[in-house]
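Novice: model07.pdb is the file, holding PDB, C-alpha atoms:
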```
ATOM      1  CA  MET A   1     -49.169 -50.125 -60.210  1.00  0.00           C
ATOM      2  CA  ALA A   2     -52.334 -48.361 -61.400  1.00  0.00           C
ATOM      3  CA  PHE A   3     -54.413 -50.704 -59.241  1.00  0.00           C
ATOM      4  CA  ARG A   4     -52.371 -49.769 -56.165  1.00  0.00           C
ATOM      5  CA  LEU A   5     -52.916 -46.074 -56.851  1.00  0.00           C
ATOM      6  CA  LEU A   6     -56.632 -46.622 -57.270  1.00  0.00           C
ATOM      7  CA  VAL A   7     -56.873 -48.650 -54.055  1.00  0.00           C
ATOM      8  CA  ARG A   8     -54.854 -46.025 -52.202  1.00  0.00           C
ATOM      9  CA  ARG A   9     -57.236 -43.297 -53.385  1.00  0.00           C
ATOM     10  CA  VAL A  10     -60.415 -45.209 -52.638  1.00  0.00           C
ATOM     11  CA  CYS A  11     -59.282 -46.653 -49.310  1.00  0.00           C
ATOM     12  CA  ARG A  12     -57.049 -43.738 -48.325  1.00  0.00           C
ATOM     13  CA  VAL A  13     -54.128 -46.133 -47.858  1.00  0.00           C
ATOM     14  CA  SER A  14     -50.584 -44.839 -47.719  1.00  0.00           C
ATOM     15  CA  VAL A  15     -47.754 -46.698 -49.460  1.00  0.00           C
ATOM     16  CA  ARG A  16     -46.386 -47.793 -46.096  1.00  0.00           C
ATOM     17  CA  ASP A  17     -49.781 -49.157 -44.995  1.00  0.00           C
ATOM     18  CA  PHE A  18     -50.334 -50.880 -48.336  1.00  0.00           C
ATOM     19  CA  ASN A  19     -46.966 -52.596 -48.079  1.00  0.00           C
ATOM     20  CA  ARG A  20     -47.770 -53.749 -44.511  1.00  0.00           C
ATOM     21  CA  LEU A  21     -50.891 -55.571 -45.686  1.00  0.00           C
ATOM     22  CA  PRO A  22     -50.471 -59.328 -46.048  1.00  0.00           C
ATOM     23  CA  VAL A  23     -49.622 -60.308 -49.614  1.00  0.00           C
ATOM     24  CA  THR A  24     -52.904 -62.177 -50.037  1.00  0.00           C
ATOM     25  CA  VAL A  25     -54.910 -59.167 -48.902  1.00  0.00           C
ATOM     26  CA  SER A  26     -53.000 -56.619 -51.007  1.00  0.00           C
ATOM     27  CA  ARG A  27     -53.375 -58.773 -54.126  1.00  0.00           C
ATOM     28  CA  SER A  28     -57.042 -59.541 -53.619  1.00  0.00           C
ATOM     29  CA  LEU A  29     -58.015 -56.089 -52.433  1.00  0.00           C
ATOM     30  CA  SER A  30     -61.031 -54.793 -54.309  1.00  0.00           C
ATOM     31  CA  PHE A  31     -63.557 -52.018 -53.821  1.00  0.00           C
ATOM     32  CA  SER A  32     -65.980 -54.304 -52.002  1.00  0.00           C
ATOM     33  CA  SER A  33     -63.289 -55.690 -49.736  1.00  0.00           C
ATOM     34  CA  CYS A  34     -61.652 -52.329 -49.167  1.00  0.00           C
ATOM     35  CA  LEU A  35     -63.317 -51.677 -45.829  1.00  0.00           C
ATOM     36  CA  SER A  36     -62.967 -55.221 -44.532  1.00  0.00           C
ATOM     37  CA  ALA A  37     -59.283 -55.307 -45.458  1.00  0.00           C
ATOM     38  CA  SER A  38     -58.685 -51.930 -43.866  1.00  0.00           C
ATOM     39  CA  ARG A  39     -60.230 -53.176 -40.617  1.00  0.00           C
ATOM     40  CA  ALA A  40     -57.400 -55.683 -40.405  1.00  0.00           C
ATOM     41  CA  THR A  41     -54.913 -52.841 -40.098  1.00  0.00           C
ATOM     42  CA  GLN A  42     -55.704 -50.250 -37.451  1.00  0.00           C
ATOM     43  CA  PRO A  43     -53.820 -47.277 -39.002  1.00  0.00           C
ATOM     44  CA  LEU A  44     -56.177 -47.283 -41.987  1.00  0.00           C
ATOM     45  CA  LEU A  45     -59.282 -46.730 -39.900  1.00  0.00           C
ATOM     46  CA  SER A  46     -57.717 -44.077 -37.725  1.00  0.00           C
ATOM     47  CA  ARG A  47     -57.407 -41.790 -40.727  1.00  0.00           C
ATOM     48  CA  SER A  48     -60.345 -39.598 -41.546  1.00  0.00           C
ATOM     49  CA  LEU A  49     -61.399 -38.753 -45.044  1.00  0.00           C
ATOM     50  CA  PRO A  50     -60.762 -35.178 -46.127  1.00  0.00           C
ATOM     51  CA  ARG A  51     -63.752 -32.927 -45.698  1.00  0.00           C
ATOM     52  CA  LEU A  52     -65.287 -31.516 -48.821  1.00  0.00           C
ATOM     53  CA  PRO A  53     -66.302 -27.863 -48.767  1.00  0.00           C
ATOM     54  CA  LEU A  54     -69.994 -27.417 -48.207  1.00  0.00           C
ATOM     55  CA  ALA A  55     -71.919 -26.051 -51.133  1.00  0.00           C
ATOM     56  CA  SER A  56     -73.681 -22.792 -50.693  1.00  0.00           C
ATOM     57  CA  SER A  57     -77.248 -23.269 -49.591  1.00  0.00           C
ATOM     58  CA  ARG A  58     -78.353 -20.579 -52.015  1.00  0.00           C
ATOM     59  CA  SER A  59     -77.292 -21.099 -55.567  1.00  0.00           C
ATOM     60  CA  VAL A  60     -76.943 -18.028 -57.776  1.00  0.00           C
ATOM     61  CA  SER A  61     -77.549 -20.036 -60.947  1.00  0.00           C
ATOM     62  CA  PHE A  62     -80.747 -22.011 -61.495  1.00  0.00           C
ATOM     63  CA  ASN A  63     -82.895 -23.575 -64.197  1.00  0.00           C
ATOM     64  CA  VAL A  64     -86.383 -22.127 -64.552  1.00  0.00           C
ATOM     65  CA  GLN A  65     -89.007 -24.850 -64.013  1.00  0.00           C
ATOM     66  CA  ASP A  66     -92.207 -23.106 -65.176  1.00  0.00           C
ATOM     67  CA  HIS A  67     -93.845 -19.692 -65.527  1.00  0.00           C
ATOM     68  CA  ASP A  68     -94.667 -19.453 -61.797  1.00  0.00           C
ATOM     69  CA  ASP A  69     -91.080 -20.331 -60.898  1.00  0.00           C
ATOM     70  CA  PHE A  70     -89.888 -17.622 -63.309  1.00  0.00           C
ATOM     71  CA  THR A  71     -92.184 -15.064 -61.683  1.00  0.00           C
ATOM     72  CA  GLU A  72     -91.094 -16.005 -58.179  1.00  0.00           C
ATOM     73  CA  ARG A  73     -87.344 -16.366 -58.716  1.00  0.00           C
ATOM     74  CA  VAL A  74     -86.696 -13.793 -61.464  1.00  0.00           C
ATOM     75  CA  ILE A  75     -89.329 -11.061 -61.518  1.00  0.00           C
ATOM     76  CA  ASN A  76     -89.769 -10.929 -57.723  1.00  0.00           C
ATOM     77  CA  SER A  77     -86.052 -11.406 -56.982  1.00  0.00           C
ATOM     78  CA  GLN A  78     -84.299  -9.010 -54.626  1.00  0.00           C
ATOM     79  CA  LEU A  79     -81.087  -9.551 -56.584  1.00  0.00           C
ATOM     80  CA  PRO A  80     -80.504  -8.431 -60.162  1.00  0.00           C
ATOM     81  CA  VAL A  81     -80.960 -11.424 -62.471  1.00  0.00           C
ATOM     82  CA  LEU A  82     -79.275 -12.383 -65.724  1.00  0.00           C
ATOM     83  CA  ILE A  83     -81.594 -14.548 -67.837  1.00  0.00           C
ATOM     84  CA  ASP A  84     -79.902 -16.923 -70.275  1.00  0.00           C
ATOM     85  CA  PHE A  85     -82.331 -18.053 -72.984  1.00  0.00           C
ATOM     86  CA  HIS A  86     -80.690 -21.090 -74.571  1.00  0.00           C
ATOM     87  CA  ALA A  87     -81.378 -24.415 -76.305  1.00  0.00           C
ATOM     88  CA  GLN A  88     -79.756 -27.839 -75.997  1.00  0.00           C
ATOM     89  CA  TRP A  89     -79.064 -27.984 -79.740  1.00  0.00           C
ATOM     90  CA  CYS A  90     -77.409 -24.530 -79.845  1.00  0.00           C
ATOM     91  CA  GLY A  91     -73.615 -24.627 -80.176  1.00  0.00           C
ATOM     92  CA  PRO A  92     -73.002 -20.951 -79.284  1.00  0.00           C
ATOM     93  CA  CYS A  93     -75.202 -21.432 -76.176  1.00  0.00           C
ATOM     94  CA  LYS A  94     -72.848 -24.153 -74.973  1.00  0.00           C
ATOM     95  CA  ILE A  95     -69.934 -21.745 -75.331  1.00  0.00           C
ATOM     96  CA  LEU A  96     -71.668 -18.776 -73.711  1.00  0.00           C
ATOM     97  CA  GLY A  97     -73.153 -20.662 -70.732  1.00  0.00           C
ATOM     98  CA  PRO A  98     -69.874 -21.341 -68.877  1.00  0.00           C
ATOM     99  CA  ARG A  99     -68.657 -17.805 -69.609  1.00  0.00           C
ATOM    100  CA  LEU A 100     -71.827 -16.383 -68.071  1.00  0.00           C
ATOM    101  CA  GLU A 101     -71.500 -18.597 -65.009  1.00  0.00           C
ATOM    102  CA  LYS A 102     -67.902 -17.476 -64.573  1.00  0.00           C
ATOM    103  CA  ALA A 103     -68.899 -13.799 -64.812  1.00  0.00           C
ATOM    104  CA  ILE A 104     -71.697 -14.370 -62.276  1.00  0.00           C
ATOM    105  CA  ALA A 105     -69.376 -16.252 -59.901  1.00  0.00           C
ATOM    106  CA  LYS A 106     -67.010 -13.257 -59.844  1.00  0.00           C
ATOM    107  CA  GLN A 107     -69.811 -11.172 -58.305  1.00  0.00           C
ATOM    108  CA  LYS A 108     -69.976 -13.434 -55.223  1.00  0.00           C
ATOM    109  CA  GLY A 109     -73.741 -13.503 -54.782  1.00  0.00           C
ATOM    110  CA  ARG A 110     -74.608  -9.951 -55.876  1.00  0.00           C
ATOM    111  CA  VAL A 111     -76.381 -11.198 -59.009  1.00  0.00           C
ATOM    112  CA  ALA A 112     -78.282 -14.374 -59.915  1.00  0.00           C
ATOM    113  CA  MET A 113     -78.574 -16.215 -63.218  1.00  0.00           C
ATOM    114  CA  ALA A 114     -81.714 -17.902 -64.534  1.00  0.00           C
ATOM    115  CA  LYS A 115     -81.380 -20.436 -67.336  1.00  0.00           C
ATOM    116  CA  VAL A 116     -84.395 -20.786 -69.622  1.00  0.00           C
ATOM    117  CA  ASP A 117     -84.503 -23.555 -72.225  1.00  0.00           C
ATOM    118  CA  ILE A 118     -86.566 -22.089 -75.084  1.00  0.00           C
ATOM    119  CA  ASP A 119     -87.745 -25.514 -76.229  1.00  0.00           C
ATOM    120  CA  GLU A 120     -89.268 -26.228 -72.814  1.00  0.00           C
ATOM    121  CA  HIS A 121     -90.497 -22.688 -72.104  1.00  0.00           C
ATOM    122  CA  THR A 122     -91.570 -21.296 -75.455  1.00  0.00           C
ATOM    123  CA  ASP A 123     -94.110 -19.031 -73.758  1.00  0.00           C
ATOM    124  CA  LEU A 124     -91.366 -17.189 -71.850  1.00  0.00           C
ATOM    125  CA  ALA A 125     -89.247 -16.858 -74.989  1.00  0.00           C
ATOM    126  CA  ILE A 126     -92.183 -15.344 -76.887  1.00  0.00           C
ATOM    127  CA  GLU A 127     -93.086 -13.075 -73.964  1.00  0.00           C
ATOM    128  CA  TYR A 128     -89.567 -11.601 -73.874  1.00  0.00           C
ATOM    129  CA  GLY A 129     -89.160 -11.361 -77.657  1.00  0.00           C
ATOM    130  CA  VAL A 130     -86.445 -13.988 -77.992  1.00  0.00           C
ATOM    131  CA  SER A 131     -86.018 -14.647 -81.703  1.00  0.00           C
ATOM    132  CA  ALA A 132     -82.506 -16.156 -81.630  1.00  0.00           C
ATOM    133  CA  VAL A 133     -80.374 -17.992 -79.126  1.00  0.00           C
ATOM    134  CA  PRO A 134     -78.348 -17.339 -77.113  1.00  0.00           C
ATOM    135  CA  THR A 135     -80.190 -14.289 -75.838  1.00  0.00           C
ATOM    136  CA  VAL A 136     -79.254 -12.809 -72.476  1.00  0.00           C
ATOM    137  CA  ILE A 137     -81.549 -10.368 -70.685  1.00  0.00           C
ATOM    138  CA  ALA A 138     -80.540  -8.371 -67.621  1.00  0.00           C
ATOM    139  CA  MET A 139     -83.388  -7.733 -65.170  1.00  0.00           C
ATOM    140  CA  ARG A 140     -83.531  -5.737 -61.961  1.00  0.00           C
ATOM    141  CA  GLY A 141     -86.688  -5.378 -59.878  1.00  0.00           C
ATOM    142  CA  GLY A 142     -88.783  -6.999 -62.609  1.00  0.00           C
ATOM    143  CA  ASP A 143     -87.656  -4.477 -65.245  1.00  0.00           C
ATOM    144  CA  VAL A 144     -85.491  -5.275 -68.275  1.00  0.00           C
ATOM    145  CA  ILE A 145     -82.276  -3.242 -68.012  1.00  0.00           C
ATOM    146  CA  ASP A 146     -80.345  -4.479 -71.042  1.00  0.00           C
ATOM    147  CA  GLN A 147     -79.980  -7.468 -73.358  1.00  0.00           C
ATOM    148  CA  PHE A 148     -77.791  -8.961 -76.069  1.00  0.00           C
ATOM    149  CA  VAL A 149     -77.936 -11.762 -78.615  1.00  0.00           C
ATOM    150  CA  GLY A 150     -74.971 -13.996 -79.474  1.00  0.00           C
ATOM    151  CA  ILE A 151     -71.609 -14.706 -77.935  1.00  0.00           C
ATOM    152  CA  LYS A 152     -69.572 -12.170 -75.981  1.00  0.00           C
ATOM    153  CA  ASP A 153     -66.039 -12.490 -74.656  1.00  0.00           C
ATOM    154  CA  GLU A 154     -65.313 -12.473 -70.932  1.00  0.00           C
ATOM    155  CA  ASP A 155     -64.492  -8.745 -70.732  1.00  0.00           C
ATOM    156  CA  GLN A 156     -67.738  -7.797 -72.441  1.00  0.00           C
ATOM    157  CA  LEU A 157     -69.675 -10.106 -70.121  1.00  0.00           C
ATOM    158  CA  ASP A 158     -67.996  -8.623 -67.054  1.00  0.00           C
ATOM    159  CA  SER A 159     -68.928  -5.094 -68.126  1.00  0.00           C
ATOM    160  CA  PHE A 160     -72.494  -6.244 -68.911  1.00  0.00           C
ATOM    161  CA  VAL A 161     -72.826  -7.699 -65.391  1.00  0.00           C
ATOM    162  CA  GLN A 162     -71.271  -4.576 -63.849  1.00  0.00           C
ATOM    163  CA  LYS A 163     -73.858  -2.474 -65.653  1.00  0.00           C
ATOM    164  CA  LEU A 164     -76.593  -4.717 -64.248  1.00  0.00           C
ATOM    165  CA  ILE A 165     -75.496  -4.346 -60.643  1.00  0.00           C
ATOM    166  CA  GLY A 166     -74.984  -0.634 -61.110  1.00  0.00           C
ATOM    167  CA  GLN A 167     -71.217  -0.241 -60.758  1.00  0.00           C
TER
END
```
Can the structure in the file be given as structure tokens, please?
Specialist:
Amino acid sequence: MAFRLLVRRVCRVSVRDFNRLPVTVSRSLSFSSCLSASRATQPLLSRSLPRLPLASSRSVSFNVQDHDDFTERVINSQLPVLIDFHAQWCGPCKILGPRLEKAIAKQKGRVAMAKVDIDEHTDLAIEYGVSAVPTVIAMRGGDVIDQFVGIKDEDQLDSFVQKLIGQ
């Protein structure tokens, strides 16, 4: 039963089409033979796969690669930028990260988020006075507007982002 469901998902086969397949084909149907078996029955090929939504060509959340990338994408940004200084080993950072991304997504492209791993970019962490993680700095036009250290709940994050974009 589970195999049939898996084959139906992978091959986009309906129950009716699956039952119309010869017994030998339906029993021996595998991922590699999925296309060849579906060629034997015309209705399977006439179906098109569902289209996935295209991702936005401009992502509002990005990982900083180096100091030049930081200068180009954060300091020289036309959009206000939220900078998330984090570390892979930091538990609170793993909690705050998705909350920040959710708060940024609500703004629908009016603010960007830069993620800076302090272990990889110690120079940036020192330059911006990061002494603990997670530290979040709000920047607009290359100037620091506000910052906080630690975890915030979703309402506090929403108001922090609203303050950044000036609403």
Novice: Write out as a ChimeraX atom specification which residues come within 10 Å of Phe160 in chain A when counting all atoms listed in the file, dropping same-chain ones fewer than 4 positions away.
Specialist: /A:82,103,138,146-148,152,154-156,164-166
Novice: Show me the residues around (-84.8, -11.3, -59.5) - criterion: an atom at most 8 Å away, only C-alpha atoms counted - as number ranges by chain.
Specialist: A: 72-81, 112, 139-142
Novice: Could you pull the residues within 8 Å of Met113 in chain A, counting all atoms listed in the file, minus those fewer than 6 positions along the same chain, as an NGL selection string?
Specialist: :A and (60-62 or 81-84 or 101 or 104)
Novice: Skip Cys90 in chain A itself and residues of its chain fewer than 2 positions away, then list as a JSON list (two decimals) with C-alpha atoms, in the coordinates of the input all residues within 12 Å of it, counting all atoms listed in the file.
Specialist:
```json
[["chain", "number", "residue", "atom", "x", "y", "z"],
["A", 85, "PHE", "CA", -82.33, -18.05, -72.98],
["A", 86, "HIS", "CA", -80.69, -21.09, -74.57],
["A", 87, "ALA", "CA", -81.38, -24.42, -76.31],
["A", 88, "GLN", "CA", -79.76, -27.84, -76.00],
["A", 92, "PRO", "CA", -73.00, -20.95, -79.28],
["A", 93, "CYS", "CA", -75.20, -21.43, -76.18],
["A", 94, "LYS", "CA", -72.85, -24.15, -74.97],
["A", 95, "ILE", "CA", -69.93, -21.74, -75.33],
["A", 96, "LEU", "CA", -71.67, -18.78, -73.71],
["A", 97, "GLY", "CA", -73.15, -20.66, -70.73],
["A", 117, "ASP", "CA", -84.50, -23.56, -72.22],
["A", 118, "ILE", "CA", -86.57, -22.09, -75.08],
["A", 119, "ASP", "CA", -87.74, -25.51, -76.23],
["A", 132, "ALA", "CA", -82.51, -16.16, -81.63],
["A", 133, "VAL", "CA", -80.37, -17.99, -79.13],
["A", 134, "PRO", "CA", -78.35, -17.34, -77.11],
["A", 135, "THR", "CA", -80.19, -14.29, -75.84],
["A", 150, "GLY", "CA", -74.97, -14.00, -79.47],
["A", 151, "ILE", "CA", -71.61, -14.71, -77.94]]
```
Novice: Please compute the CA of Trp89 in chain A-CA of Gln65 in chain A distance, one decimal, in Å.
Specialist: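 Result for CA of Trp89 in chain A versus CA of Gln65 in chain A: 18.9 Å, one decimal.
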Novice: Emit as AutoDock Vina command-line options the padded axis-aligned box for all listed atoms of range 65-84 of chain A, 3 Å per side, with centre and edge lengths in Å to one decimal.
Specialist:
```
--center_x -87.0 --center_y -16.6 --center_z -62.5 --size_x 21.4 --size_y 22.4 --size_z 21.6
```
